[in-house]
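Working notes, structure below.
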Amino acid sequence: MLLEMKHIVKTYGRVVANNDVSLSLNEGEILAIVGENGAGKTTIMKILYGLEIADSGEILLRGKPVTIDNPRTAMRLGIGMVQQHFMLFNSLNVTENIVYNHEIAKNGFLDPVKNRDAVSKLCKEYSLQVEPDKKIQDCPVGIQQRVEILKTLYQNANIIIFDEPSAVLTPPEVDELLETMKYLAAGGKSIILITHKLNEVMTAADRVVVMRNGSIVGEKKKENTSIEELSYMMIGRQIANNAFVIHPTGRRLLNVEHLVMGSISGKKILNDVSLHVDSGEIVGIAGVSGNGQSELIRCITGLQKEYEGRITICDKDTTNKSVMAVRKAGMSHIPEDRYYWGSAREADLADNYLMGDENSPACSKRGVLNLKKIRQKTEDIIQEYAIKADSSYQKIKELSGGNAQKLITAREIERDTPLTIACEPTRGVDIGAMEFIHNRLIEKRQDNGGILLVSSELSEILKLSDRIYVIYEGQLSYEFKRGNVDEHKLGLLMMGGKVNE
Amino acid sequence: MTISWEYFSALVSSTFRMCTPILLCGLASAVCAKAKIFNIAMEGCMLLSAFFGIVANYYSGGNVFLSVCAGVISSVLTSALLAVFIIKLKASPVIAGMAVNTTAGGITVFLMYIFFGTKGLFQDPSLKGLTKITPFFASTFPKMAQLFSGLTWIDYFSWIAAVCIYIFLYKTVAGFHLRAVGINLEAARSLGTDVEKYQFITLTLSGILCGLAGITLSMGSVTLFIQNISSGKGYIALTAAQLGGYHPLGVLAASLFFGVCQAIGNFLQNTSIKTQLSAMIPYIATLIAMILSYIVAKRQSEKKIQRSLQKEKIQ
Amino acid sequence: MNKKSLLQYLTKLWLSIRIPLIAIAVGFLVGGVIITITGKNPLTTISGMIRGGFLTDKAIASTLNRSTPIIFAGLAAALAWGSGYPSLGAQGQMIIGALTAAIIAATFPGPAWLGVLLAILGAMIVGMLYSLLGAFITANFHAYLLIVTLMMNYIADYSAKYLTTYIFRDPNAADNLAVQTAKIENAILPRILSNYVVHYGFVIAVIAVIAVNFMMKHTSFGYKARMNGLNPSFAEYGGVESKMTMYKMLMISGALAGLGGAVEVLGSKFRYIDAMITSPGFSWSGVVASIMSNYSAVGTFVSSIFLAGIAIGGSSIEVSMGVASEITTIIEGVITMLITAQFLIQHSKKKRLRKVVDQK
């Protein structure tokens, strides 16, 4: 037994991220920790790497208890982490990045030859090829990740944690990575792989730990389980609301045809995506976040302009058009990050509520704002949506997350556009507000509006959607209709499994 | 039009002399920029150093060593104060830097009035300037030596400083970490580098360079203090740093270029190009350089994308 | 507005004034300490400064006169910085605006009022175009607006020096070395009351403040610009086009700065004199005024008058008490440093006192 984490508890405010989590790791083993977003897998690894400190519990390395309060301690103990966002210096070369802070030097002067030799030796030892003199910015993403791996090996890591490593890689690069992991494990290193992509798990892992809602719900050896079983454990019992009344649909409000979006690294972030939303229906996109949903919404809402394909909103071609043009075509948008996209922290509620309507006849005349009316509208909506605020003069940053989200949702829904794009509309929101927002969305559907709902909360998708697409690795893999939703299939597709039709 | 050697060498040596404060302050700004600090307070630090150098000179009866110390210390303290505001208190570097510059102007005139009873020019026979160094090869190559006449140790030091800073940044571990801070601050911090410490020390020590630049102004070719003796050289230095790509050797080249422009401008005074126009050259050159560097970088990245698309097609 | 909203509105107002007031108080405190160390009485000096700037009728007139160009520079800065585009270009725009106005007003043969009008329009157009040039370079070549405008300030200043020395030089100058344009005889902005220096340029400034305030608070264009300044992603999400906003805002800012230069020529100096804009530091005071008021138009107006007042007051105590007028610059610098830092008030007081000790 190399590593043991015993009874780890970690709470953030009222949210229990890790609820009495215990796991172990052997030498030369590849352990996969799987779960949906918010299951707690990233948290437990942050605790292991010293980025977070547990509230209670203990960590034992080779039977001896250790305290890991920052990443430097973790590295000294032989624990390294390859994070999702690389910590690299783009204009420096590979060698400089690998040896950073552990350079071979004499009297304070760098020895570039010795450093390069050390890196070459490292590459030979672990069969990981990189060009020591190449600048990071000239290396493909797969190589950049390899540099991150070499960094941990250079500091003699015995345990290497990978946090969603395949998110940025093309399929051939993913295969190479899994081979690398197996090679390292065979050489005695221990690997922890955090992922939601079950085919990777089945290829590379020896053991799998499944987490859900902060707890471990299962632990299996790879040969004793399957993708189906794992996805079921990850999602748990979900009951689709099959008794919901089917609502008649009308005209096509949103039509996305063959959307393709690339990236500098060569990976296709969106790969031939086609979907549609008609009036009178709520269409949900289910998937673990990071599979292209954010980019898809950015393309549809006009925030992203480099893509191929065609987007039509209310019969108007909005492909590559400006945000203003897309909104004018009849779209409103509840953004996924309420403080980055959705509001201005320092502005008051009235200013935040106005966005998008500043030229509408209700609020302005020939470019001049009707401040009294705007203020009144804001006060009215505060009442109607039961937003806990002292007045409309308050800055939005003083409101709780849930109340701010209510205001933003109100702004977009009350604009009464045919189409509404709702991204993570109830993220970080209390139960009461969640119910409220859900009811508003359902009301809009009754009024013959159309809603595209993107959420990493599967329960939310299942509760509200008339049709559900599943997105995985930038591709829509299936379409479920209300009344015919198979939760098992859904979970399977979300995690990368294949379904025989 | 014939130019005598005397005239030409006077031009060259004055170019070197004019170049020094710009080079020193430019290096200060460039090193700070390498650590992701936007330092525009060189003008104020130079001014304070020039002033306190003269003050110490006067009250110590012409002790050059004490004067240099006083000047440099005043500049370092000011830089340290600026560092506290920018790094610890998260002030806007532009506003804080400009405030230091304008306040330094106010402080120097205010104190000048109190110490010396004048607001314009202060000169006194008891003041002693920096010694002018005759180059060691003066006896063997007298004509060459004329090119370097009238230079002080600070002038020579500024070129050495440029080379030393280059070596520091690109050959030492500390310089390596400093550059890393400027390239990706968050990455450096996550990899264990005390980012704030590097920035603080860099900004504070850059005050030494500005301090020496100030001493050159008030104790170099002439020994006196005039209100606003720095007259915008700090901003030219900022320009030189920008034009030189924040690389110490680039700053050296840019400073020489500006010095040459100024010298040629004086030379062409009696022809069609007037000093006012030639004085504009550094600023126009910087704008053109910024535009060109963007165009070049864009072409390069376009080529890269082309190459990767071709690779994909082959695959 | 119900009672609760009124209370909230007043609270909001108080919160926005609180920090500048504290900064001003500490500024005076530091000034007082410096005055004490130099052997003069701080209380009489500072009260003399306030009297000399604000409390006699002549003082008020001088203050309002000096505040006029600062208000324009402040509005220019408030518009640019407040919409997310920190530009230092007001100085260059004021210079070329002033020169343009001086030339047009001095050479225009027709009626005086028309001369003034054309001079003002010419200055505004020139200021607007110059600012637009800076915006264009920034937008299309990924340059830093700050550096571009700094460079352009110098180019403007030297160009003005050149034109004034060689092409538009005053033929009737008493002093051969004076770098200035010909005196404007008729097309000037007259004084509001004949025995006080404040001229109608101040009235134009007040109109500009009202107009800018209206634009920023009451129009959809101003709303979009404000949101862009507070959170550019939010503005982008809402359909605001960043490039267009930048061009429009910087153009208006340039026009205001040009107008400020023109007004100073037409109402105060009646010609363009080399360094008339750079030497008194109008554009930097304008930036300080806009920061003190968090980029609001009315706040900039009040702050500009305050800054002008302490400058005038500073000059007056130099004569009466022998304290150099530069004490004003020092106080202004302290105020600026405090406002730009983000921290607790107690923390700042300790640091300020330490600075004074170090300087001695």
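Ligands are numbered from 1 in the order shown, residues from 1 within each chain, and chains are lettered A, B, ... in the order they appear in the structure tokens.
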Quiz prompt | Contact set, chain B to chain A: 12 Å, only C-alpha atoms, as number ranges by chain | solution = B: 167-194, 300-302, 304-313, 315
Could you dump the residues just selected with N, CA and C atoms as a tab-separated table (two decimals), in the first residue's frame?
chain	number	residue	atom	x	y	z
B	167	ILE	N	23.30	39.71	-19.02
B	167	ILE	CA	23.82	38.45	-18.48
B	167	ILE	C	22.94	37.98	-17.34
B	168	PHE	N	22.55	38.91	-16.46
B	168	PHE	CA	21.73	38.53	-15.32
B	168	PHE	C	20.42	37.87	-15.77
B	169	LEU	N	19.76	38.54	-16.73
B	169	LEU	CA	18.45	38.04	-17.13
B	169	LEU	C	18.53	36.71	-17.86
B	170	TYR	N	19.55	36.53	-18.68
B	170	TYR	CA	19.53	35.37	-19.55
B	170	TYR	C	20.50	34.27	-19.16
B	171	LYS	N	21.36	34.53	-18.17
B	171	LYS	CA	22.32	33.49	-17.82
B	171	LYS	C	22.23	33.04	-16.37
B	172	THR	N	21.54	33.83	-15.53
B	172	THR	CA	21.50	33.41	-14.13
B	172	THR	C	20.13	32.83	-13.78
B	173	VAL	N	20.12	32.14	-12.66
B	173	VAL	CA	18.88	31.52	-12.20
B	173	VAL	C	17.88	32.58	-11.78
B	174	ALA	N	18.37	33.57	-11.01
B	174	ALA	CA	17.45	34.60	-10.52
B	174	ALA	C	16.82	35.36	-11.69
B	175	GLY	N	17.64	35.69	-12.68
B	175	GLY	CA	17.11	36.39	-13.86
B	175	GLY	C	16.11	35.53	-14.60
B	176	PHE	N	16.38	34.24	-14.66
B	176	PHE	CA	15.47	33.29	-15.31
B	176	PHE	C	14.11	33.31	-14.62
B	177	HIS	N	14.13	33.25	-13.28
B	177	HIS	CA	12.87	33.27	-12.56
B	177	HIS	C	12.15	34.59	-12.78
B	178	LEU	N	12.93	35.67	-12.84
B	178	LEU	CA	12.31	36.99	-13.04
B	178	LEU	C	11.59	37.04	-14.39
B	179	ARG	N	12.25	36.54	-15.40
B	179	ARG	CA	11.62	36.53	-16.72
B	179	ARG	C	10.39	35.66	-16.71
B	180	ALA	N	10.46	34.55	-15.98
B	180	ALA	CA	9.30	33.65	-15.92
B	180	ALA	C	8.11	34.36	-15.29
B	181	VAL	N	8.38	35.17	-14.26
B	181	VAL	CA	7.30	35.93	-13.63
B	181	VAL	C	6.60	36.79	-14.66
B	182	GLY	N	7.38	37.42	-15.52
B	182	GLY	CA	6.80	38.28	-16.52
B	182	GLY	C	6.07	37.52	-17.61
B	183	ILE	N	6.50	36.28	-17.88
B	183	ILE	CA	5.88	35.51	-18.96
B	183	ILE	C	4.55	34.93	-18.50
B	184	ASN	N	4.52	34.34	-17.32
B	184	ASN	CA	3.28	33.74	-16.83
B	184	ASN	C	3.31	33.79	-15.31
B	185	LEU	N	2.75	34.85	-14.79
B	185	LEU	CA	2.83	35.11	-13.36
B	185	LEU	C	2.22	33.98	-12.55
B	186	GLU	N	1.03	33.54	-12.96
B	186	GLU	CA	0.34	32.51	-12.20
B	186	GLU	C	1.11	31.20	-12.21
B	187	ALA	N	1.67	30.86	-13.37
B	187	ALA	CA	2.45	29.62	-13.44
B	187	ALA	C	3.65	29.70	-12.50
B	188	ALA	N	4.34	30.86	-12.53
B	188	ALA	CA	5.52	31.01	-11.67
B	188	ALA	C	5.12	30.85	-10.21
B	189	ARG	N	4.00	31.46	-9.86
B	189	ARG	CA	3.57	31.39	-8.47
B	189	ARG	C	3.24	29.95	-8.09
B	190	SER	N	2.52	29.26	-8.98
B	190	SER	CA	2.13	27.90	-8.64
B	190	SER	C	3.34	26.97	-8.58
B	191	LEU	N	4.44	27.35	-9.24
B	191	LEU	CA	5.61	26.49	-9.21
B	191	LEU	C	6.55	26.87	-8.08
B	192	GLY	N	6.08	27.75	-7.18
B	192	GLY	CA	6.84	27.98	-5.97
B	192	GLY	C	7.64	29.27	-5.94
B	193	THR	N	7.50	30.11	-6.97
B	193	THR	CA	8.27	31.35	-6.95
B	193	THR	C	7.51	32.44	-6.20
B	194	ASP	N	8.20	33.15	-5.32
B	194	ASP	CA	7.55	34.23	-4.58
B	194	ASP	C	7.48	35.45	-5.50
B	300	GLN	N	3.87	35.85	-39.18
B	300	GLN	CA	4.48	34.61	-38.70
B	300	GLN	C	3.43	33.62	-38.24
B	301	SER	N	2.42	34.12	-37.50
B	301	SER	CA	1.42	33.18	-36.99
B	301	SER	C	0.54	32.67	-38.12
B	302	GLU	N	0.34	33.52	-39.15
B	302	GLU	CA	-0.43	33.04	-40.30
B	302	GLU	C	0.31	31.92	-40.99
B	304	LYS	N	2.34	29.88	-39.61
B	304	LYS	CA	2.26	28.70	-38.76
B	304	LYS	C	0.94	27.97	-38.97
B	305	ILE	N	-0.16	28.73	-39.02
B	305	ILE	CA	-1.46	28.11	-39.22
B	305	ILE	C	-1.50	27.43	-40.57
B	306	GLN	N	-0.94	28.09	-41.60
B	306	GLN	CA	-0.90	27.49	-42.94
B	306	GLN	C	-0.20	26.15	-42.89
B	307	ARG	N	0.97	26.15	-42.19
B	307	ARG	CA	1.75	24.91	-42.12
B	307	ARG	C	0.98	23.82	-41.44
B	308	SER	N	0.23	24.16	-40.35
B	308	SER	CA	-0.47	23.10	-39.62
B	308	SER	C	-1.66	22.59	-40.43
B	309	LEU	N	-2.28	23.49	-41.20
B	309	LEU	CA	-3.39	23.05	-42.06
B	309	LEU	C	-2.89	22.10	-43.13
B	310	GLN	N	-1.68	22.43	-43.67
B	310	GLN	CA	-1.11	21.55	-44.69
B	310	GLN	C	-0.80	20.19	-44.11
B	311	LYS	N	-0.26	20.21	-42.89
B	311	LYS	CA	0.05	18.93	-42.22
B	311	LYS	C	-1.20	18.08	-42.10
B	312	GLU	N	-2.31	18.76	-41.73
B	312	GLU	CA	-3.55	18.02	-41.56
B	312	GLU	C	-3.99	17.41	-42.87
B	313	LYS	N	-3.81	18.18	-43.96
B	313	LYS	CA	-4.23	17.66	-45.26
B	313	LYS	C	-3.42	16.42	-45.63
B	315	GLN	N	-2.10	14.36	-43.55
B	315	GLN	CA	-2.58	13.25	-42.75
B	315	GLN	C	-3.92	12.79	-43.29
Near segment 165-189 of chain C, 7 Å: segment 230-275 of chain C residue rows, closest pairs, only C-alpha atoms, as a tab-separated table:
residue	atom	partner	partner_atom	distance
C:Leu266	CA	C:Ile188	CA	4.8
C:Gly267	CA	C:Leu189	CA	4.5
C:Phe270	CA	C:Ile184	CA	5.4
C:Arg271	CA	C:Lys183	CA	5.1
C:Tyr272	CA	C:Thr181	CA	5.3
C:Ile273	CA	C:Gln180	CA	4.3
C:Asp274	CA	C:Val179	CA	5.7
Can those selected residues be exported to a file as a PDB file, in the first residue's frame so that it contains C-alpha atoms?
ATOM      1  CA  LEU C 266     -10.129  82.188 -26.682  1.00  0.00           C
ATOM      2  CA  GLY C 267     -10.986  83.190 -23.135  1.00  0.00           C
ATOM      3  CA  PHE C 270      -5.927  85.067 -26.588  1.00  0.00           C
ATOM      4  CA  ARG C 271      -3.131  83.338 -28.488  1.00  0.00           C
ATOM      5  CA  TYR C 272      -1.307  80.057 -28.520  1.00  0.00           C
ATOM      6  CA  ILE C 273       1.804  80.208 -26.370  1.00  0.00           C
ATOM      7  CA  ASP C 274       4.269  77.375 -26.280  1.00  0.00           C
TER       8      ASP C 274
END
Exercise. Give as a PyMOL selection string every residue of chain B that touches chain C within 9 Å, counting only C-alpha atoms.
Key: chain B and resi 74+77-78+81+85-86+89-111+113-114+119+235+239+242+274-277+279-284+286-287+290-295
Could the residues in this selection be saved with C-alpha atoms as an mmCIF file, in the first residue's frame?
data_model
loop_
_atom_site.group_PDB
_atom_site.id
_atom_site.type_symbol
_atom_site.label_atom_id
_atom_site.label_comp_id
_atom_site.auth_asym_id
_atom_site.auth_seq_id
_atom_site.Cartn_x
_atom_site.Cartn_y
_atom_site.Cartn_z
ATOM 1 C CA SER B 74 16.304 58.993 -2.624
ATOM 2 C CA LEU B 77 13.215 54.901 -1.513
ATOM 3 C CA THR B 78 10.809 56.398 -4.018
ATOM 4 C CA LEU B 81 7.272 53.392 -2.043
ATOM 5 C CA PHE B 85 1.542 50.950 -3.758
ATOM 6 C CA ILE B 86 1.594 48.945 -6.967
ATOM 7 C CA LEU B 89 -1.899 47.867 -2.454
ATOM 8 C CA LYS B 90 -2.795 47.004 -6.031
ATOM 9 C CA ALA B 91 -2.742 50.603 -7.219
ATOM 10 C CA SER B 92 -2.879 51.352 -10.922
ATOM 11 C CA PRO B 93 0.776 51.499 -12.118
ATOM 12 C CA VAL B 94 -0.034 54.253 -14.592
ATOM 13 C CA ILE B 95 -1.721 56.535 -12.099
ATOM 14 C CA ALA B 96 0.717 55.848 -9.296
ATOM 15 C CA GLY B 97 3.703 56.287 -11.595
ATOM 16 C CA MET B 98 2.424 59.556 -13.035
ATOM 17 C CA ALA B 99 1.574 60.752 -9.513
ATOM 18 C CA VAL B 100 5.152 60.052 -8.415
ATOM 19 C CA ASN B 101 6.435 62.059 -11.381
ATOM 20 C CA THR B 102 4.277 65.085 -10.790
ATOM 21 C CA THR B 103 4.765 64.996 -7.016
ATOM 22 C CA ALA B 104 8.529 64.721 -7.466
ATOM 23 C CA GLY B 105 8.378 67.895 -9.540
ATOM 24 C CA GLY B 106 6.509 69.589 -6.735
ATOM 25 C CA ILE B 107 8.773 68.328 -3.960
ATOM 26 C CA THR B 108 11.999 69.335 -5.695
ATOM 27 C CA VAL B 109 10.874 72.893 -6.369
ATOM 28 C CA PHE B 110 9.332 73.197 -2.918
ATOM 29 C CA LEU B 111 12.491 72.074 -1.157
ATOM 30 C CA TYR B 113 12.885 77.166 -2.437
ATOM 31 C CA ILE B 114 13.439 76.315 1.200
ATOM 32 C CA LYS B 119 12.761 78.232 -7.742
ATOM 33 C CA TYR B 235 9.418 59.410 -20.825
ATOM 34 C CA THR B 239 9.961 54.995 -25.232
ATOM 35 C CA GLN B 242 9.415 49.949 -25.581
ATOM 36 C CA LYS B 274 14.483 72.018 -37.342
ATOM 37 C CA THR B 275 15.088 70.640 -33.857
ATOM 38 C CA GLN B 276 11.398 70.535 -33.103
ATOM 39 C CA LEU B 277 10.841 68.125 -35.925
ATOM 40 C CA ALA B 279 12.839 65.828 -31.609
ATOM 41 C CA MET B 280 9.742 64.014 -32.758
ATOM 42 C CA ILE B 281 11.724 61.210 -34.338
ATOM 43 C CA PRO B 282 11.911 58.937 -31.262
ATOM 44 C CA TYR B 283 8.165 59.024 -30.781
ATOM 45 C CA ILE B 284 7.270 58.478 -34.408
ATOM 46 C CA THR B 286 8.278 53.968 -31.616
ATOM 47 C CA LEU B 287 4.836 54.102 -33.147
ATOM 48 C CA MET B 290 4.878 48.960 -32.712
ATOM 49 C CA ILE B 291 2.916 48.804 -35.943
ATOM 50 C CA LEU B 292 5.622 46.877 -37.773
ATOM 51 C CA SER B 293 6.179 44.369 -34.985
ATOM 52 C CA TYR B 294 2.499 43.534 -34.978
ATOM 53 C CA ILE B 295 2.429 43.062 -38.724
#
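For chain C, the residues close to chain A, meaning within 7 Å and counting only C-alpha atoms, are Ser5, Gln8, Tyr9, His218, Thr219, Ser220, Met227, Leu230, Asn231, Ser233, Phe234, Tyr237, Gly238 and Gly239 of chain C.
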Quiz item: Which neighbours of Asn156 of chain A fall inside 10 Å, counting only C-alpha atoms, when residues of the same chain fewer than 4 positions from it are skipped, and could you give them as number ranges by chain?
Solution: A: 75-80, 150-152, 189
Quiz prompt | Residues flagged alpha helix (DSSP H) by DSSP in segment 98-240 of chain B, as a ChimeraX atom specification | solution = /B:98-116,142-147,153-171,173-183,185-190,195-219,233-240
Exercise. Would you mind listing what lies within 10 Å of Ala70 of chain B as a list in words, with only C-alpha atoms counted and same-chain residues fewer than 5 positions away left out?
Key: Leu48, Ser49, Ala50, Phe51, Phe52, Gly53, Ile54, Val55, Ala56, Asn57, Val64, Phe65, Ser75, Val76, Gly211 and Ile215 of chain B
Could those selected residues go to a file with C-alpha atoms, as a compact mmCIF listing (two decimals), in the first residue's frame?
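Written output follows (out-v7.txt):
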# COMPACT_ATOMS: atom_id res chain seq x y z
CA LEU B 48 14.57 63.50 -6.97
CA SER B 49 18.00 61.96 -7.30
CA ALA B 50 19.36 64.95 -9.22
CA PHE B 51 18.01 67.25 -6.54
CA PHE B 52 19.10 65.39 -3.44
CA GLY B 53 22.49 64.84 -5.02
CA ILE B 54 22.95 68.59 -5.24
CA VAL B 55 21.59 69.10 -1.74
CA ALA B 56 24.08 66.62 -0.29
CA ASN B 57 26.79 68.15 -2.45
CA VAL B 64 30.88 63.72 -4.55
CA PHE B 65 30.61 60.28 -2.98
CA SER B 75 15.53 57.26 -5.89
CA VAL B 76 15.53 53.80 -4.32
CA GLY B 211 19.31 57.44 -9.25
CA ILE B 215 23.21 62.31 -10.77
Quiz item: segment 212-438 of chain A: which residues are strand (DSSP E) by DSSP, as a ChimeraX atom specification?
Solution: /A:212,215-221,252-261,270-278,282-286,308-313,316-317,331-334,364-365,368-369,419-423
Exercise. Skip Ser290 of chain C itself and residues of its chain fewer than 4 positions away, then list as an MDAnalysis selection string all residues within 10 Å of it, counting only C-alpha atoms.
Key: chainID C and resid 70:71 73:79 81:82 284:286 294:304
Quiz item: From the set B:Val31, B:Ala145, B:Ile165, B:Cys19, which residue has the shortest atom-to-atom contact distance to Gly245 of chain B, counting only C-alpha atoms?
Solution: B:Val31
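Here atom CA of Gln405 of chain A is placed at a distance of 13.7 Å from atom CA of Leu441 of chain A.
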Quiz item: Near Ala119 of chain C, within 7 Å and counting only C-alpha atoms, which residues show up once chain neighbours fewer than 5 positions away are dropped, as a list in words?
Solution: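 Here the answer would be Thr100, Ala101, Ile104 and Ala105 of chain C.
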Residues of the last selection are to be written out with C-alpha atoms, as a PDB file, in the first residue's frame.
ATOM      1  CA  THR C 100      -6.112  75.521 -34.274  1.00  0.00           C
ATOM      2  CA  ALA C 101      -8.404  77.874 -32.409  1.00  0.00           C
ATOM      3  CA  ILE C 104      -8.564  80.525 -36.902  1.00  0.00           C
ATOM      4  CA  ALA C 105      -9.601  83.230 -34.457  1.00  0.00           C
TER       5      ALA C 105
END
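You will find atom CA of Glu196 of chain B at 20.2 Å from atom CA of Tyr246 of chain B.
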Self-check item: Between atom CA of Met42 of chain B and atom CA of Leu238 of chain B - distance in Å to one decimal
Solution: 8.1 Å
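Near Pro42 of chain C, within a cut-off of 12 Å and counting only C-alpha atoms, sit the residues C:Phe28, C:Leu29, C:Val30, C:Gly31, C:Gly32, C:Val33, C:Ile34, C:Ile35, C:Thr36, C:Ile37, C:Thr38, C:Gly39, C:Lys40, C:Thr44, C:Thr45, C:Ile46, C:Ser47, C:Gly48, C:Met49, C:Ile317, C:Met321, C:Val323, C:Ile327, with same-chain residues fewer than 2 positions away left out.
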